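In what follows, a single structure is set out as structure tokens and then discussed.
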Amino acid sequence: MGKTEWFKEMSFYQIWTRSFADGNGDGIGDLYGVYDRLEYVKALGVDGIWFSPLYPSPNADYGYDISDYKNIHPDFGTLEQFRNVLDKAHRLGLKVLMDLVVNHTSDEHFWFQESRKSRDNPYSDYYIWRDKPNNWDSLFEGRAWEYEPMRKQYYLHIFSKKQPDLNMDNPKVREEVKDIMRFWLDMGVDGFREDVINFISKREGLPDGLPFVPMANGIIHYKDGPHIHEYMAEFRKVARKYHAVQIGEGPMTTVRSAMHYLTGKEKSLDMMISFDHMLADCFMTEYLQRPFSLKRYKSALTRWQKTLDGKAWNVLYLENHDHPRIISRYGSERYWKKSGKALAVSYLFLQGTPFIYQGQEIGMMNIRLSSIEKYKDIASKTNFARLLTREPEEKRLRRVHASSRDSARTPMQWDDSRYAGFTSGTPWFFVNPNYKTVNAAAEERDPDSILQFYRRCLSLRKHSRTLLFGRYHEFFPKHPKIYMYERVLEDNAYLIICSFSDKPIQIQLPKKYQNRKLQLMLCNESGQDGTSPVMSPYEARVYRTKISP
Ligand code: NOJ
């Protein structure tokens with residue numbers, strides 16, 4: 001494994017700082033809180049942290065609208081405090097990844113403030129301006145174009161009005177991106193998670209999009225656009241100099257198009273965050289729900305595992321700041337503890353680099369707020385106002401309960417004291433009322449907790465070449481309730497079995513595993529020795545054995 005592939009044996013913890021830990025009592029999570037909790041992160045057994053954007057931002061999209069790329073949001077602290085966090089993380093052996101958001105900036109960024117003034121200033125071509133808009137919709141609100149009276153033109157915003165798209169065709173903009181990368185890499189960060197990176201090159205002429213597709217009608221003209229691989233190659237060159245890792249976020253990417261970024265001459269990313277496996281209970285967005293289908297979940301995972309095997313490397317995740325909590329979606333709140341652990345087993349032993357999102361490791365669940373006004377996330381608000389509007393409000397609010405990104409953004413539940421120990425002040429957002437039982441301190445004390453189970457899973461994975469690098473094969477792909485797969489390296493094999501049923505269920509082992517001595521390495525059912533042919537609700541088992549290669 002080359003020096004640049006250090007990420008393959010690692011796992012990462014994602015911190016969405018605003019809700020992680022408040023160190024100065026103003027109700028907002030910050031880098032002082034992060035500093036104090038780095039030991040907790042380390043003790044989980046991960047090897048690095050991905051920070052969602054820490055930069056100054058008016059928070060129209062909670063940090064994904066950046067107004068200064070080379071500074072730290074005053075809510076979170078100072079550049080100096082960031083350096084303290086970075087140094088301490090490194091001392092603990094944790095890598096640090098920053099979020100690189102360069103498809104768009106905030107409209108409050110200096111570049112945009114200048115660009116909007118006239119058609120002939122040094123920043124006038126930093127954004128995408130037109131006299132007449134095309135028919136594209138914004139993914140977040142209304143049309144993708146906003147009129148700017150000063151310049152008497154429209155600017156493009158694929159996300160909110162406050163997130164104008166940068167004009168990546170302008171070489172000066174690409175130089176700015178590289179400059180931002182160098183700024184953080186020189187400081188010592190270890191790589192980037194690159195936001196909606198497959199959207200940065202738009203088709204020349206910006207033709208109209210598909211007529212009948214709401215919200216994403218322009219996507220055929222801005223996903224994997226004509227110059228994407230040239231631009232990515234430029235950024236890659238910078239990252240390579242520092243042996244930095246690059247992880248792209250690829251909304252609506254297919255495994256086929258992802259391979260262009262991950263392999264061959266055009267290789268420009270080490271990994272791609274895909275979405276296929278997050279659509280097992282919805283269409284396109286979590287707001288458009290359908291019943292969870294284990295088959296859909298499995299087939300998405302298997303497709304990525306098989307296609308990438310030996311050629312590229314997966315990102316493994318079930319939660320991040322953009323998705324509601326996974327137990328509330330693919331698991332069962334009734335079988336909170338068991339389904340939380342089964343979900344962990346279902347993905348942590350696949351081939352790839354696991355990401356764990358803050359609170360996932362203690363089994364945090366969705367919050368249900370009583371009115372849409374209480375939600376903060378722009379996507380939740382606009383989905384509510386814009387999609388399926390013939391449905392009664394009550395029904396749409398239920399959709400928000402099941403889909404809101406805010407469920408992943410409630411304050412981290414540290415203990416059972418007031419506001420879950422997140423802040424000594426008044427928290428900026430609602431704490432999930434279940435914090436009295438679901439919290440890190442209680443799980444620290446309970447040897448059987450979800451937290452301790454995550455630690456065991458991560459440690460098992462880290463210490464096994466087979467779990468890190470072994471070949472993946474799925475058994476019984478059509479089974480609606482059981483996910484079973486193996487990882488094999490030479491004569492070592494792991495067999496992983498997860499039940500997604502809320503009833504006991506009889507299982508059959510694949511032929512090659514029958515009559516073999518199977519050693520049960522992990523299980524979420526107490527008293528289970530691994531010999532029973534019946535799996536209890538949401539039971540998960542990890543066996544190790546020897547096979548003939
Ligand atoms: C993806 C980010 O993860 C999400 O939070 C954000 O709203 C969009 N990109 C736009 O930056």
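Naming scheme: A, B, ... for chains in displayed order of the structure tokens; residues 1 onward per chain; ligands 1 onward as shown.
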
Q: Can you tell me which residues come within 7 Å of ligand 1 when counting only C-alpha atoms and all ligand atoms, ideally as a count of residues only?
A: 9

(Q) Residues within 10 Å of A:Gly340, please, as a VMD selection string. Count only C-alpha atoms; anything in the same chain fewer than 5 positions from it doesn't count. (A) chain A and resid 326 to 328 330 to 333 335 345 360 to 365 449 to 451 453 to 454 524 538

Could you turn the residues from that selection into a file that holds N, CA and C atoms, as a JSON list (two decimals), in the first residue's frame?
```
[["chain", "number", "residue", "atom", "x", "y", "z"],
["A", 326, "ILE", "N", -30.37, 6.78, 11.45],
["A", 326, "ILE", "CA", -30.56, 5.50, 10.75],
["A", 326, "ILE", "C", -31.43, 4.51, 11.52],
["A", 327, "ILE", "N", -31.38, 4.53, 12.86],
["A", 327, "ILE", "CA", -32.23, 3.60, 13.61],
["A", 327, "ILE", "C", -33.70, 3.92, 13.32],
["A", 328, "SER", "N", -34.01, 5.21, 13.23],
["A", 328, "SER", "CA", -35.39, 5.62, 12.94],
["A", 328, "SER", "C", -35.80, 5.28, 11.51],
["A", 330, "TYR", "N", -33.89, 2.66, 9.02],
["A", 330, "TYR", "CA", -33.69, 1.28, 8.58],
["A", 330, "TYR", "C", -33.78, 0.30, 9.74],
["A", 331, "GLY", "N", -33.74, 0.83, 10.96],
["A", 331, "GLY", "CA", -33.82, -0.04, 12.13],
["A", 331, "GLY", "C", -35.19, 0.05, 12.74],
["A", 332, "SER", "N", -35.22, -0.01, 14.07],
["A", 332, "SER", "CA", -36.50, 0.03, 14.76],
["A", 332, "SER", "C", -36.30, 0.75, 16.09],
["A", 333, "GLU", "N", -37.07, 1.80, 16.32],
["A", 333, "GLU", "CA", -36.91, 2.51, 17.59],
["A", 333, "GLU", "C", -37.32, 1.59, 18.74],
["A", 335, "TYR", "N", -36.78, -1.64, 18.90],
["A", 335, "TYR", "CA", -35.58, -2.47, 19.17],
["A", 335, "TYR", "C", -34.34, -1.59, 19.02],
["A", 345, "VAL", "N", -23.17, -3.49, 12.34],
["A", 345, "VAL", "CA", -22.56, -4.70, 11.75],
["A", 345, "VAL", "C", -22.80, -4.74, 10.25],
["A", 360, "GLN", "N", -24.31, 8.82, 16.25],
["A", 360, "GLN", "CA", -24.67, 7.51, 15.69],
["A", 360, "GLN", "C", -24.19, 6.40, 16.62],
["A", 361, "GLU", "N", -22.98, 6.62, 17.18],
["A", 361, "GLU", "CA", -22.37, 5.58, 18.02],
["A", 361, "GLU", "C", -23.08, 5.40, 19.36],
["A", 362, "ILE", "N", -24.00, 6.31, 19.69],
["A", 362, "ILE", "CA", -24.79, 6.09, 20.91],
["A", 362, "ILE", "C", -26.26, 5.83, 20.54],
["A", 363, "GLY", "N", -26.53, 5.70, 19.27],
["A", 363, "GLY", "CA", -27.89, 5.36, 18.83],
["A", 363, "GLY", "C", -28.87, 6.51, 18.93],
["A", 364, "MET", "N", -28.43, 7.73, 18.59],
["A", 364, "MET", "CA", -29.39, 8.84, 18.60],
["A", 364, "MET", "C", -30.46, 8.62, 17.54],
["A", 365, "MET", "N", -31.65, 9.14, 17.83],
["A", 365, "MET", "CA", -32.78, 8.92, 16.93],
["A", 365, "MET", "C", -33.41, 10.24, 16.49],
["A", 449, "SER", "N", -23.72, -1.57, 25.81],
["A", 449, "SER", "CA", -24.33, -0.45, 25.10],
["A", 449, "SER", "C", -23.97, -0.42, 23.61],
["A", 450, "ILE", "N", -24.69, 0.41, 22.88],
["A", 450, "ILE", "CA", -24.38, 0.60, 21.45],
["A", 450, "ILE", "C", -22.97, 1.17, 21.32],
["A", 451, "LEU", "N", -22.64, 2.11, 22.18],
["A", 451, "LEU", "CA", -21.30, 2.73, 22.14],
["A", 451, "LEU", "C", -20.19, 1.68, 22.29],
["A", 453, "PHE", "N", -20.39, -1.40, 21.73],
["A", 453, "PHE", "CA", -20.45, -2.31, 20.60],
["A", 453, "PHE", "C", -19.73, -1.71, 19.38],
["A", 454, "TYR", "N", -19.94, -0.42, 19.15],
["A", 454, "TYR", "CA", -19.22, 0.25, 18.06],
["A", 454, "TYR", "C", -17.71, 0.11, 18.27],
["A", 524, "ASN", "N", -24.95, -9.34, 19.03],
["A", 524, "ASN", "CA", -25.68, -8.36, 19.85],
["A", 524, "ASN", "C", -26.77, -9.01, 20.69],
["A", 538, "TYR", "N", -33.57, -8.46, 15.01],
["A", 538, "TYR", "CA", -32.40, -7.60, 14.79],
["A", 538, "TYR", "C", -31.10, -8.17, 15.37]]
```

For the structure I just gave you, how does DSSP split stretch 400-530 of chain A - specifically, which residues are strand (DSSP E or B)? Reply as a short mmCIF file (atom, residue, chain, number, x, y, z; two decimals) with N, CA, C and O atoms, in the first residue's frame.
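out-v9.cif, written as the output of this step:
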```cif
data_model
loop_
_atom_site.label_atom_id
_atom_site.label_comp_id
_atom_site.auth_asym_id
_atom_site.auth_seq_id
_atom_site.Cartn_x
_atom_site.Cartn_y
_atom_site.Cartn_z
N ARG A 471 -12.07 -10.17 0.04
CA ARG A 471 -13.08 -10.09 -1.02
C ARG A 471 -14.47 -10.18 -0.39
O ARG A 471 -14.68 -10.86 0.59
N TYR A 472 -15.41 -9.50 -1.00
CA TYR A 472 -16.79 -9.47 -0.50
C TYR A 472 -17.66 -10.37 -1.36
O TYR A 472 -17.55 -10.37 -2.58
N HIS A 473 -18.51 -11.14 -0.70
CA HIS A 473 -19.52 -11.88 -1.46
C HIS A 473 -20.79 -11.93 -0.63
O HIS A 473 -20.77 -12.16 0.57
N GLU A 474 -21.92 -11.69 -1.30
CA GLU A 474 -23.20 -11.70 -0.58
C GLU A 474 -23.93 -13.02 -0.80
O GLU A 474 -23.93 -13.56 -1.90
N PHE A 475 -24.56 -13.51 0.26
CA PHE A 475 -25.40 -14.72 0.13
C PHE A 475 -26.87 -14.33 0.23
O PHE A 475 -27.23 -13.37 0.89
N ILE A 482 -32.85 -10.92 5.82
CA ILE A 482 -31.50 -11.26 6.29
C ILE A 482 -30.45 -10.68 5.33
O ILE A 482 -30.57 -10.84 4.11
N TYR A 483 -29.46 -10.03 5.91
CA TYR A 483 -28.31 -9.59 5.11
C TYR A 483 -27.13 -10.47 5.54
O TYR A 483 -26.74 -10.47 6.70
N MET A 484 -26.60 -11.24 4.59
CA MET A 484 -25.50 -12.16 4.91
C MET A 484 -24.38 -11.96 3.90
O MET A 484 -24.61 -12.00 2.70
N TYR A 485 -23.18 -11.72 4.40
CA TYR A 485 -22.04 -11.60 3.47
C TYR A 485 -20.79 -12.14 4.10
O TYR A 485 -20.70 -12.32 5.32
N GLU A 486 -19.83 -12.45 3.23
CA GLU A 486 -18.54 -12.93 3.73
C GLU A 486 -17.45 -11.99 3.28
O GLU A 486 -17.59 -11.26 2.29
N ARG A 487 -16.35 -12.03 4.02
CA ARG A 487 -15.12 -11.36 3.60
C ARG A 487 -14.05 -12.43 3.65
O ARG A 487 -13.87 -13.10 4.67
N VAL A 488 -13.32 -12.59 2.55
CA VAL A 488 -12.37 -13.70 2.46
C VAL A 488 -11.01 -13.20 2.00
O VAL A 488 -10.91 -12.45 1.02
N LEU A 489 -9.98 -13.62 2.72
CA LEU A 489 -8.60 -13.33 2.30
C LEU A 489 -7.79 -14.60 2.53
O LEU A 489 -7.69 -15.09 3.67
N ASN A 492 -8.60 -17.24 5.28
CA ASN A 492 -9.36 -16.65 6.39
C ASN A 492 -10.70 -16.14 5.89
O ASN A 492 -10.76 -15.50 4.83
N ALA A 493 -11.73 -16.38 6.68
CA ALA A 493 -13.04 -15.88 6.25
C ALA A 493 -13.83 -15.35 7.44
O ALA A 493 -13.69 -15.84 8.56
N TYR A 494 -14.59 -14.33 7.17
CA TYR A 494 -15.58 -13.84 8.13
C TYR A 494 -16.94 -13.98 7.48
O TYR A 494 -17.11 -13.69 6.30
N LEU A 495 -17.90 -14.44 8.28
CA LEU A 495 -19.28 -14.52 7.81
C LEU A 495 -20.09 -13.57 8.68
O LEU A 495 -20.04 -13.65 9.92
N ILE A 496 -20.80 -12.68 8.03
CA ILE A 496 -21.55 -11.63 8.75
C ILE A 496 -23.03 -11.82 8.46
O ILE A 496 -23.44 -11.92 7.30
N ILE A 497 -23.83 -11.90 9.52
CA ILE A 497 -25.26 -12.13 9.34
C ILE A 497 -26.04 -11.11 10.18
O ILE A 497 -25.81 -10.99 11.37
N CYS A 498 -26.96 -10.41 9.53
CA CYS A 498 -27.79 -9.44 10.26
C CYS A 498 -29.25 -9.70 9.95
O CYS A 498 -29.62 -9.81 8.78
N SER A 499 -30.04 -9.75 11.00
CA SER A 499 -31.49 -9.86 10.79
C SER A 499 -32.10 -8.46 10.84
O SER A 499 -31.81 -7.67 11.73
N ILE A 505 -36.29 -15.41 13.36
CA ILE A 505 -36.27 -15.89 11.98
C ILE A 505 -35.22 -17.01 11.84
O ILE A 505 -34.13 -16.93 12.38
N GLN A 506 -35.65 -18.06 11.13
CA GLN A 506 -34.79 -19.23 10.93
C GLN A 506 -33.78 -18.90 9.82
O GLN A 506 -34.16 -18.35 8.80
N GLN A 519 -16.21 -19.48 14.70
CA GLN A 519 -15.95 -18.80 15.97
C GLN A 519 -16.75 -17.49 15.99
O GLN A 519 -16.59 -16.66 15.09
N LEU A 520 -17.62 -17.36 16.99
CA LEU A 520 -18.44 -16.16 17.07
C LEU A 520 -17.61 -15.01 17.65
O LEU A 520 -17.22 -15.02 18.80
N MET A 521 -17.36 -14.01 16.83
CA MET A 521 -16.49 -12.91 17.26
C MET A 521 -17.28 -11.76 17.87
O MET A 521 -16.80 -11.05 18.73
N LEU A 522 -18.48 -11.58 17.37
CA LEU A 522 -19.33 -10.48 17.85
C LEU A 522 -20.78 -10.88 17.70
O LEU A 522 -21.15 -11.53 16.71
N CYS A 523 -21.59 -10.45 18.66
CA CYS A 523 -23.02 -10.73 18.55
C CYS A 523 -23.74 -9.72 19.44
O CYS A 523 -23.20 -9.29 20.46
#
```

**Q.** Residues within 7 Å of stretch 300-310 of chain A, only C-alpha atoms, excluding chain neighbours under 5 positions, as a list in words
**A.**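 Here the qualifying residues turn out to be Val255, Asp276, His277, Gln351 and Tyr472 of chain A.
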
Q | Selected residue, from A:Ala43, A:Ile128, A:Cys457, A:Val173, that lies nearest to A:Ala540 when counting only C-alpha atoms | A |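 Ranking A:Ala43, A:Ile128, A:Cys457, A:Val173 by distance to A:Ala540, first place goes to A:Cys457.
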
**Q.** Nearest-residue call for A:Leu44, choices A:Met272, A:Met168, A:Ala440, A:Ala233, using only C-alpha atoms
**A.**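 With only C-alpha atoms as the atom set, the closest residue is A:Ala440.
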
Q: From a DSSP pass on the backbone, collect the residues of stretch 450-486 of chain A flagged as alpha helix (DSSP H) and hand them back as a ChimeraX atom specification.
A: /A:450-462,465-469

Q: Choose the residue, out of A:Trp414, A:Trp145, A:Phe76, A:Phe235, that has the smallest atom-to-atom separation from A:Glu444; count only C-alpha atoms.
A: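 For A:Glu444, the nearest of the candidates is A:Trp414.
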
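Shortest atom-to-atom contact with A:Ala216 among A:Val245, A:Met232, A:Ile378, A:Ala144: A:Ala144, counting only C-alpha atoms.
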
**Q.** Pairwise distance for atom CA of A:Val177 and atom CA of A:Thr254, rounded to one decimal in Å
**A.**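 Those two atoms sit 25.7 Å apart.
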
Q: Can you work out the spacing between atom CA of A:Lys436 and atom CA of A:Asp415 in Å, to one decimal?
A: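 Separation between atom CA of A:Lys436 and atom CA of A:Asp415: 7.3 Å.
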
Quick one: residues within 9 Å of A:Ser404, only C-alpha atoms counted, chain neighbours fewer than 6 positions away excluded, as an mmCIF file with N, CA and C atoms, in the first residue's frame?
```cif
data_model
loop_
_atom_site.group_PDB
_atom_site.id
_atom_site.type_symbol
_atom_site.label_atom_id
_atom_site.label_comp_id
_atom_site.auth_asym_id
_atom_site.auth_seq_id
_atom_site.Cartn_x
_atom_site.Cartn_y
_atom_site.Cartn_z
ATOM 1 N N GLU A 286 -35.194 12.003 1.160
ATOM 2 C CA GLU A 286 -35.888 11.303 2.249
ATOM 3 C C GLU A 286 -37.310 11.811 2.457
ATOM 4 N N TYR A 287 -37.618 12.983 1.920
ATOM 5 C CA TYR A 287 -38.970 13.535 2.077
ATOM 6 C C TYR A 287 -39.991 12.693 1.311
ATOM 7 N N ASP A 322 -26.670 15.245 6.653
ATOM 8 C CA ASP A 322 -27.703 15.427 5.630
ATOM 9 C C ASP A 322 -28.829 14.400 5.702
ATOM 10 N N HIS A 323 -28.730 13.480 6.626
ATOM 11 C CA HIS A 323 -29.730 12.398 6.653
ATOM 12 C C HIS A 323 -30.292 12.229 8.050
ATOM 13 N N PRO A 324 -31.580 11.882 8.124
ATOM 14 C CA PRO A 324 -32.128 11.577 9.451
ATOM 15 C C PRO A 324 -31.446 10.346 10.047
ATOM 16 N N ASN A 366 -34.375 10.156 15.573
ATOM 17 C CA ASN A 366 -35.000 11.364 15.025
ATOM 18 C C ASN A 366 -35.768 12.141 16.091
ATOM 19 N N ILE A 367 -35.748 13.448 15.931
ATOM 20 C CA ILE A 367 -36.579 14.303 16.788
ATOM 21 C C ILE A 367 -37.879 14.590 16.028
ATOM 22 N N TYR A 375 -38.448 23.860 12.830
ATOM 23 C CA TYR A 375 -37.291 23.301 12.108
ATOM 24 C C TYR A 375 -36.416 24.437 11.583
ATOM 25 N N ASP A 377 -33.657 23.696 9.215
ATOM 26 C CA ASP A 377 -33.007 23.321 7.955
ATOM 27 C C ASP A 377 -33.799 23.810 6.742
ATOM 28 N N ALA A 379 -33.756 22.853 3.666
ATOM 29 C CA ALA A 379 -34.301 21.812 2.781
ATOM 30 C C ALA A 379 -35.612 21.263 3.368
ATOM 31 N N SER A 380 -35.679 21.097 4.677
ATOM 32 C CA SER A 380 -36.916 20.590 5.290
ATOM 33 C C SER A 380 -38.048 21.582 5.064
ATOM 34 N N LYS A 381 -37.739 22.845 5.252
ATOM 35 C CA LYS A 381 -38.777 23.872 5.115
ATOM 36 C C LYS A 381 -39.294 23.959 3.684
#
```

Q.
I'd like the neighbourhood of A:Ala60 as a list in words, where a residue qualifies if any of its atoms comes within 12 Å (using only C-alpha atoms), though same-chain residues fewer than 5 positions away should be ignored.
A. Asp65, Ile66, Ser67, Thr105, Ser106, Asp107, Glu108, Phe140, Glu141, Phe159, Ser160, Lys161, Lys162, Gln163, Pro164, Lys376, Asp377, Ile378 and Ala379 of chain A

Writer output for current selection, all heavy atoms, as a compact mmCIF listing (two decimals), in the first residue's frame:
```txt
# COMPACT_ATOMS: atom_id res chain seq x y z
N ASP A 65 -22.55 27.54 3.22
CA ASP A 65 -22.56 28.83 2.52
C ASP A 65 -21.43 29.64 3.16
O ASP A 65 -21.60 30.25 4.20
CB ASP A 65 -23.92 29.53 2.66
CG ASP A 65 -24.44 29.56 4.11
OD1 ASP A 65 -24.27 28.57 4.85
OD2 ASP A 65 -25.02 30.59 4.52
N ILE A 66 -20.27 29.61 2.51
CA ILE A 66 -19.05 30.12 3.14
C ILE A 66 -18.78 31.56 2.73
O ILE A 66 -18.80 31.89 1.54
CB ILE A 66 -17.85 29.22 2.76
CG1 ILE A 66 -18.09 27.80 3.33
CG2 ILE A 66 -16.53 29.80 3.27
CD1 ILE A 66 -17.13 26.76 2.80
N SER A 67 -18.49 32.40 3.72
CA SER A 67 -18.19 33.79 3.38
C SER A 67 -16.71 34.11 3.52
O SER A 67 -16.27 35.20 3.15
CB SER A 67 -19.04 34.75 4.22
OG SER A 67 -18.91 34.46 5.58
N THR A 105 -20.37 29.69 -3.12
CA THR A 105 -19.96 30.40 -1.91
C THR A 105 -21.23 30.94 -1.26
O THR A 105 -22.33 30.69 -1.74
CB THR A 105 -19.05 31.60 -2.23
OG1 THR A 105 -19.84 32.59 -2.91
CG2 THR A 105 -17.87 31.21 -3.10
N SER A 106 -21.05 31.69 -0.21
CA SER A 106 -22.18 32.48 0.31
C SER A 106 -22.31 33.72 -0.56
O SER A 106 -21.33 34.20 -1.12
CB SER A 106 -21.87 32.89 1.74
OG SER A 106 -22.73 33.96 2.11
N ASP A 107 -23.52 34.27 -0.64
CA ASP A 107 -23.67 35.55 -1.35
C ASP A 107 -23.01 36.67 -0.55
O ASP A 107 -22.84 37.78 -1.05
CB ASP A 107 -25.14 35.87 -1.64
CG ASP A 107 -25.94 36.09 -0.37
OD1 ASP A 107 -25.50 35.64 0.71
OD2 ASP A 107 -27.02 36.72 -0.44
N GLU A 108 -22.63 36.38 0.68
CA GLU A 108 -21.95 37.40 1.49
C GLU A 108 -20.42 37.33 1.37
O GLU A 108 -19.71 38.09 1.99
CB GLU A 108 -22.40 37.28 2.96
CG GLU A 108 -23.89 37.57 3.09
CD GLU A 108 -24.44 37.50 4.50
OE1 GLU A 108 -23.68 37.76 5.44
OE2 GLU A 108 -25.63 37.18 4.63
N PHE A 140 -32.87 23.60 -3.62
CA PHE A 140 -33.31 24.03 -2.29
C PHE A 140 -34.52 24.94 -2.27
O PHE A 140 -35.30 24.93 -1.34
CB PHE A 140 -32.16 24.73 -1.55
CG PHE A 140 -31.24 23.80 -0.82
CD1 PHE A 140 -31.44 22.43 -0.84
CD2 PHE A 140 -30.17 24.30 -0.10
CE1 PHE A 140 -30.59 21.57 -0.16
CE2 PHE A 140 -29.31 23.46 0.59
CZ PHE A 140 -29.51 22.08 0.56
N GLU A 141 -34.63 25.84 -3.28
CA GLU A 141 -35.78 26.76 -3.23
C GLU A 141 -36.04 27.36 -4.60
O GLU A 141 -35.17 27.95 -5.20
CB GLU A 141 -35.55 27.88 -2.20
CG GLU A 141 -34.24 28.60 -2.34
CD GLU A 141 -34.08 29.75 -1.34
OE1 GLU A 141 -35.04 30.11 -0.65
OE2 GLU A 141 -32.97 30.29 -1.28
N PHE A 159 -28.20 25.57 -5.25
CA PHE A 159 -28.74 25.41 -3.90
C PHE A 159 -29.52 26.70 -3.56
O PHE A 159 -30.20 27.22 -4.42
CB PHE A 159 -27.62 25.02 -2.93
CG PHE A 159 -27.08 23.63 -3.26
CD1 PHE A 159 -26.00 23.46 -4.13
CD2 PHE A 159 -27.72 22.51 -2.77
CE1 PHE A 159 -25.57 22.19 -4.47
CE2 PHE A 159 -27.28 21.24 -3.11
CZ PHE A 159 -26.20 21.08 -3.96
N SER A 160 -29.39 27.22 -2.33
CA SER A 160 -30.27 28.35 -1.99
C SER A 160 -29.80 29.64 -2.69
O SER A 160 -28.68 29.72 -3.19
CB SER A 160 -30.30 28.54 -0.48
OG SER A 160 -29.17 29.28 -0.07
N LYS A 161 -30.68 30.63 -2.66
CA LYS A 161 -30.35 31.94 -3.24
C LYS A 161 -29.08 32.51 -2.64
O LYS A 161 -28.41 33.33 -3.22
CB LYS A 161 -31.44 32.95 -2.84
CG LYS A 161 -32.70 32.85 -3.56
CD LYS A 161 -33.53 34.05 -3.12
CE LYS A 161 -34.88 33.51 -2.86
NZ LYS A 161 -36.02 34.06 -2.59
N LYS A 162 -28.84 32.12 -1.40
CA LYS A 162 -27.66 32.64 -0.71
C LYS A 162 -26.41 31.80 -0.98
O LYS A 162 -25.40 31.96 -0.31
CB LYS A 162 -27.94 32.75 0.79
CG LYS A 162 -28.91 33.91 1.09
CD LYS A 162 -29.04 34.21 2.56
CE LYS A 162 -27.81 34.69 3.28
NZ LYS A 162 -27.31 36.02 2.83
N GLN A 163 -26.51 30.90 -1.99
CA GLN A 163 -25.36 30.06 -2.37
C GLN A 163 -25.10 30.14 -3.87
O GLN A 163 -25.32 29.17 -4.60
CB GLN A 163 -25.62 28.62 -1.93
CG GLN A 163 -25.66 28.44 -0.41
CD GLN A 163 -26.24 27.10 0.01
OE1 GLN A 163 -27.42 26.85 -0.18
NE2 GLN A 163 -25.41 26.23 0.57
N PRO A 164 -24.63 31.30 -4.35
CA PRO A 164 -24.38 31.42 -5.79
C PRO A 164 -23.29 30.46 -6.27
O PRO A 164 -22.28 30.29 -5.59
CB PRO A 164 -23.91 32.88 -5.93
CG PRO A 164 -23.47 33.31 -4.57
CD PRO A 164 -24.27 32.51 -3.59
N LYS A 376 -35.14 24.19 11.47
CA LYS A 376 -34.19 25.21 11.02
C LYS A 376 -33.69 24.95 9.60
O LYS A 376 -33.27 25.86 8.92
CB LYS A 376 -32.94 25.20 11.92
CG LYS A 376 -33.24 25.40 13.38
CD LYS A 376 -32.89 26.80 13.79
CE LYS A 376 -32.99 26.97 15.29
NZ LYS A 376 -33.20 28.36 15.67
N ASP A 377 -33.66 23.70 9.21
CA ASP A 377 -33.01 23.32 7.95
C ASP A 377 -33.80 23.81 6.74
O ASP A 377 -34.99 23.51 6.62
CB ASP A 377 -32.87 21.79 7.93
CG ASP A 377 -32.55 21.27 6.56
OD1 ASP A 377 -31.80 21.95 5.84
OD2 ASP A 377 -33.06 20.19 6.20
N ILE A 378 -33.14 24.49 5.87
CA ILE A 378 -33.78 25.07 4.68
C ILE A 378 -34.43 24.00 3.80
O ILE A 378 -35.52 24.18 3.28
CB ILE A 378 -32.79 25.95 3.88
CG1 ILE A 378 -33.47 26.50 2.64
CG2 ILE A 378 -31.52 25.20 3.50
CD1 ILE A 378 -32.70 27.57 1.93
N ALA A 379 -33.76 22.85 3.67
CA ALA A 379 -34.30 21.81 2.78
C ALA A 379 -35.61 21.26 3.37
O ALA A 379 -36.58 21.03 2.63
CB ALA A 379 -33.28 20.69 2.60
```

**Q.** Computed interatomic separation between atom CA of A:Gln153 and atom CA of A:Asp165 (Å)
**A.**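 Distance between the two atoms: 14.3 Å.
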
Q) Which polymer residues have any atom within 12 Å of an atom of A:Trp50, counting only C-alpha atoms, with same-chain residues fewer than 6 positions away left out, as a PyMOL selection string? A) chain A and resi 11-17+41+86+89+94-100+189-194+245-247+320-321+354-358
